[in-house]
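Next up, query-v6.txt (compact mmCIF, C-alpha atoms):
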```txt
# COMPACT_ATOMS: atom_id res chain seq x y z
CA MET A 313 114.56 194.25 24.12
CA ALA A 314 118.25 194.39 24.99
CA GLU A 315 119.14 193.26 28.49
CA LYS A 316 120.13 196.76 29.62
CA GLU A 317 116.75 198.11 28.45
CA ARG A 318 114.67 195.52 30.33
CA PRO A 319 112.43 197.34 32.78
CA SER A 320 113.38 196.67 36.38
CA ARG A 321 111.03 196.83 39.30
CA GLY A 322 111.64 198.11 42.83
CA ALA A 323 114.54 196.70 44.80
CA GLU A 324 115.77 194.56 41.89
CA ALA A 325 116.67 197.82 40.17
CA GLY A 326 118.90 198.91 43.03
CA CYS A 327 116.66 201.89 43.64
CA CYS A 328 117.69 203.98 46.56
CA ALA A 329 115.01 205.39 48.78
CA LEU A 330 114.14 209.05 48.58
CA ASP A 331 112.98 210.47 51.88
CA GLU A 332 109.61 212.16 52.35
CA ASP A 333 111.06 215.65 52.76
CA ARG A 334 112.94 215.50 49.45
CA PHE A 335 109.92 214.06 47.65
CA TRP A 336 107.67 216.85 48.92
CA ALA A 337 110.34 219.48 48.21
CA VAL A 338 110.20 218.52 44.52
CA ILE A 339 106.39 218.62 44.56
CA GLY A 340 106.56 221.97 46.34
CA VAL A 341 108.22 223.74 43.41
CA LEU A 342 105.38 223.09 40.95
CA ASP A 343 104.57 226.50 39.44
CA TRP A 344 100.80 226.91 39.68
CA ARG A 345 101.02 230.41 38.16
CA ALA A 346 102.08 228.93 34.82
CA SER A 347 99.61 228.70 31.96
CA CYS A 348 99.97 225.04 30.94
CA GLU A 349 100.72 221.72 32.62
CA GLU A 350 104.21 221.41 31.13
CA ALA A 351 105.15 224.86 32.45
CA ILE A 352 103.67 224.03 35.87
CA LEU A 353 105.84 220.91 35.92
CA GLN A 354 109.07 222.53 34.66
CA PRO A 355 110.56 223.68 38.01
CA ALA A 356 109.92 220.23 39.52
CA LEU A 357 111.49 218.58 36.49
CA GLU A 358 114.60 220.73 36.90
CA ALA A 359 114.80 220.03 40.65
CA LEU A 360 114.35 216.29 40.18
CA ALA A 361 116.89 216.14 37.33
CA ARG A 362 119.51 217.57 39.73
CA LEU A 363 119.19 214.45 41.90
CA SER A 364 120.99 211.18 41.20
CA GLU A 365 119.54 208.57 38.88
CA ASN A 366 118.74 206.37 41.88
CA GLU A 367 117.00 209.23 43.64
CA ILE A 368 114.87 209.85 40.56
CA CYS A 369 113.85 206.19 40.75
CA GLY A 370 113.19 206.73 44.46
CA PHE A 371 110.92 209.65 43.58
CA GLN A 372 108.96 207.39 41.24
CA GLU A 373 108.69 204.79 44.00
CA GLN A 374 107.38 207.41 46.46
CA LEU A 375 104.88 208.71 43.90
CA ALA A 376 103.59 205.19 43.24
CA ARG A 377 103.13 204.56 46.97
CA LYS A 378 101.22 207.79 47.45
CA LEU A 379 98.95 207.18 44.46
CA SER A 380 98.31 203.63 45.67
CA LEU A 381 97.26 204.81 49.13
CA LEU A 382 94.62 207.04 47.50
CA ASP A 383 93.37 204.18 45.31
CA THR A 384 90.32 203.43 47.43
CA GLU A 385 86.61 203.21 46.80
CA ARG A 386 86.04 205.87 49.48
CA HIS A 387 88.26 208.35 47.62
CA ALA A 388 86.78 207.42 44.23
CA ARG A 389 83.27 208.18 45.49
CA HIS A 390 84.29 211.80 46.23
CA MET A 391 85.98 212.87 42.99
CA GLY A 392 83.09 214.92 41.60
CA ARG A 393 81.57 214.30 38.19
CA GLY A 394 82.19 210.70 37.16
CA ALA A 395 82.73 209.53 40.73
CA TYR A 396 82.68 205.82 41.47
CA GLY A 397 79.10 204.61 41.60
CA SER A 398 77.89 207.12 39.00
CA SER A 399 76.84 206.14 35.51
CA TYR A 400 80.30 207.01 34.17
CA PHE A 401 83.40 206.18 36.19
CA SER A 402 86.75 206.33 34.44
CA PRO A 403 89.63 204.52 36.16
CA ASP A 404 92.03 206.80 34.25
CA ASP A 405 90.27 209.97 35.43
CA PHE A 406 90.47 208.68 38.99
CA LEU A 407 94.22 208.09 38.61
CA TYR A 408 94.68 211.62 37.22
CA ALA A 409 92.58 213.05 40.09
CA ARG A 410 94.89 211.23 42.53
CA CYS A 411 97.83 212.86 40.74
CA ALA A 412 96.18 216.26 41.30
CA ALA A 413 95.80 215.42 44.98
CA VAL A 414 99.50 214.59 45.35
CA ALA A 415 100.43 217.71 43.37
CA ARG A 416 98.59 219.87 45.93
CA GLY A 417 101.36 219.08 48.40
CA ARG A 418 102.12 217.28 51.60
CA GLN A 419 99.67 218.95 53.97
CA PHE A 420 96.71 218.42 51.65
CA TYR A 421 97.74 214.84 50.83
CA GLU A 422 98.17 213.83 54.47
CA GLU A 423 94.75 215.22 55.38
CA LEU A 424 93.13 213.59 52.34
CA ILE A 425 94.33 210.12 53.37
CA SER A 426 91.88 210.11 56.29
CA LYS A 427 89.27 212.47 54.79
CA PRO A 428 88.24 211.14 51.35
CA ASN A 429 85.55 213.82 51.08
CA LEU A 430 88.38 216.31 50.37
CA MET A 431 89.22 214.55 47.10
CA PRO A 432 89.73 217.10 44.30
CA GLN A 433 86.43 217.43 42.47
CA GLU A 434 87.20 218.30 38.89
CA GLU A 435 91.01 218.44 38.92
CA ARG A 436 93.27 216.19 36.89
CA PHE A 437 97.09 216.32 36.63
CA GLU A 438 98.15 213.36 34.50
CA VAL A 439 101.51 214.95 33.64
CA LEU A 440 102.75 214.24 37.19
CA LEU A 441 102.99 210.57 36.20
CA HIS A 442 105.62 211.50 33.63
CA LEU A 443 107.77 213.70 35.87
CA PRO A 444 110.27 210.96 36.88
CA SER A 445 110.80 209.74 33.32
CA TYR A 446 111.17 213.30 31.99
CA ALA A 447 113.74 214.09 34.70
CA TYR A 448 115.64 210.85 34.13
CA GLU A 449 115.85 211.52 30.41
CA ALA A 450 116.90 215.14 30.99
CA LYS A 451 119.68 213.93 33.29
CA THR A 452 120.93 210.92 31.33
CA GLY A 453 119.72 211.31 27.76
CA SER A 454 118.33 207.78 28.10
CA ARG A 455 114.85 206.39 28.52
CA MET A 456 113.94 205.41 32.08
CA THR A 457 113.26 201.68 32.44
CA TYR A 458 112.62 201.56 36.19
CA LEU A 459 109.18 200.36 37.31
CA PRO A 460 108.01 201.02 40.90
CA SER A 461 107.46 198.02 43.16
CA ILE A 462 103.86 199.11 43.82
CA GLU A 463 101.12 199.26 41.22
CA TYR A 464 99.13 202.50 41.28
CA ASP A 465 96.59 201.95 38.52
CA THR A 466 92.98 202.21 39.68
CA PHE A 467 91.80 199.04 41.48
CA SER A 468 95.40 197.89 42.15
CA ASN A 469 95.10 198.60 45.89
CA LYS A 470 92.99 195.54 46.70
CA GLN A 471 92.53 196.59 50.35
CA GLY A 472 91.17 199.95 49.26
CA TRP A 473 88.40 198.29 47.27
CA GLN A 474 87.30 195.61 49.74
CA ARG A 475 83.84 195.80 51.15
```

Whole structure, structure tokens version:
Amino acid sequence: MAEKERPSRGAEAGCCALDEDRFWAVIGVLDWRASCEEAILQPALEALARLSENEICGFQEQLARKLSLLDTERHARHMGRGAYGSSYFSPDDFLYARCAAVARGRQFYEELISKPNLMPQEERFEVLLHLPSYAYEAKTGSRMTYLPSIEYDTFSNKQGWQR
């Protein structure tokens, strides 16, 4: 991989922070009346692509932090069919359920942090993971190589899975 294409993580990438209000403003324009996930995402993609490249990276950093905070056993036990502790638990499904939770907006997300029983039951919104890279590519014509400083894959939040 060429040096300029090497993925960079967090602060080493020179990522500027994106404040909470701007993050949630982008999430707030998701079009839930649309018929498919890509159409639901489109207004948020357009809004995010209007920001600077560094702010797009900041959005990805914020998203990773929010997904990580929901990566807990308590939340996984309340995700409906396939919940943690059932005969079939999918770490990917749990990640996509956490995406759905973030996509519901700030008020829902903030309440969910302390009330895991509100975890979306049968909702998944994987496409939210791709929003920053889609916006970056729409803005620059180049592939995004930024990696957030926080892991958000299921079981990455070690504190959330301690007994």

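With distances restricted to only C-alpha atoms, A:Glu365 is the closest residue to Ser454 in chain A from A:Glu365, A:Lys378, A:Leu430, A:Phe437.
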
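Near Leu382 in chain A, within 10 Å and counting all atoms listed in the file, sit Arg377, His387, Ala388, Phe406, Leu407, Ala409, Arg410, Cys411, Ala413, Val414, Tyr421, Leu424, Ile425, Ser426, Pro428, Met431, Tyr464, Thr466, Asn469 and Gly472 of chain A, not including residues fewer than 5 positions from it in the same chain.
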
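Going from CA of Arg386 in chain A to CA of Trp473 in chain A covers 8.2 Å.
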
Do you know which residues are at most 7 Å from range 389-396 of chain A counting all atoms listed in the file, after dropping those on the same chain fewer than 3 positions away, and could you put them as an MDAnalysis selection string?
chainID A and resid 385:386 400:402 428:429 431:434

Based on the selection just made, write C-alpha atoms of those residues as a compact mmCIF listing (two decimals), in the coordinates of the input.
```
# COMPACT_ATOMS: atom_id res chain seq x y z
CA GLU A 385 86.61 203.21 46.80
CA ARG A 386 86.04 205.87 49.48
CA TYR A 400 80.30 207.01 34.17
CA PHE A 401 83.40 206.18 36.19
CA SER A 402 86.75 206.33 34.44
CA PRO A 428 88.24 211.14 51.35
CA ASN A 429 85.55 213.82 51.08
CA MET A 431 89.22 214.55 47.10
CA PRO A 432 89.73 217.10 44.30
CA GLN A 433 86.43 217.43 42.47
CA GLU A 434 87.20 218.30 38.89
```

I want to know what sits within 12 Å of range 344-357 of chain A, based on only C-alpha atoms, with residues of the same chain fewer than 3 positions away left out; could you give that as a VMD selection string?
chain A and resid 334 to 341 360 to 363 368 371 412 415 to 417 436 to 451

In file coordinates, which residues lie within 10 Å of (106.3, 206.1, 46.8) using all atoms listed in the file, given as a count of residues only?
22

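When CA of Lys470 in chain A is paired with CA of Thr384 in chain A, their separation reads 8.4 Å.
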
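Among the candidate residues A:Gly397, A:Glu463, A:Glu358, A:Tyr458, the one lying nearest to Leu342 in chain A is A:Glu358, with distances computed using only C-alpha atoms.
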
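Reported to one decimal place, the separation of CA of Glu435 in chain A from CA of Gln471 in chain A is 24.7 Å.
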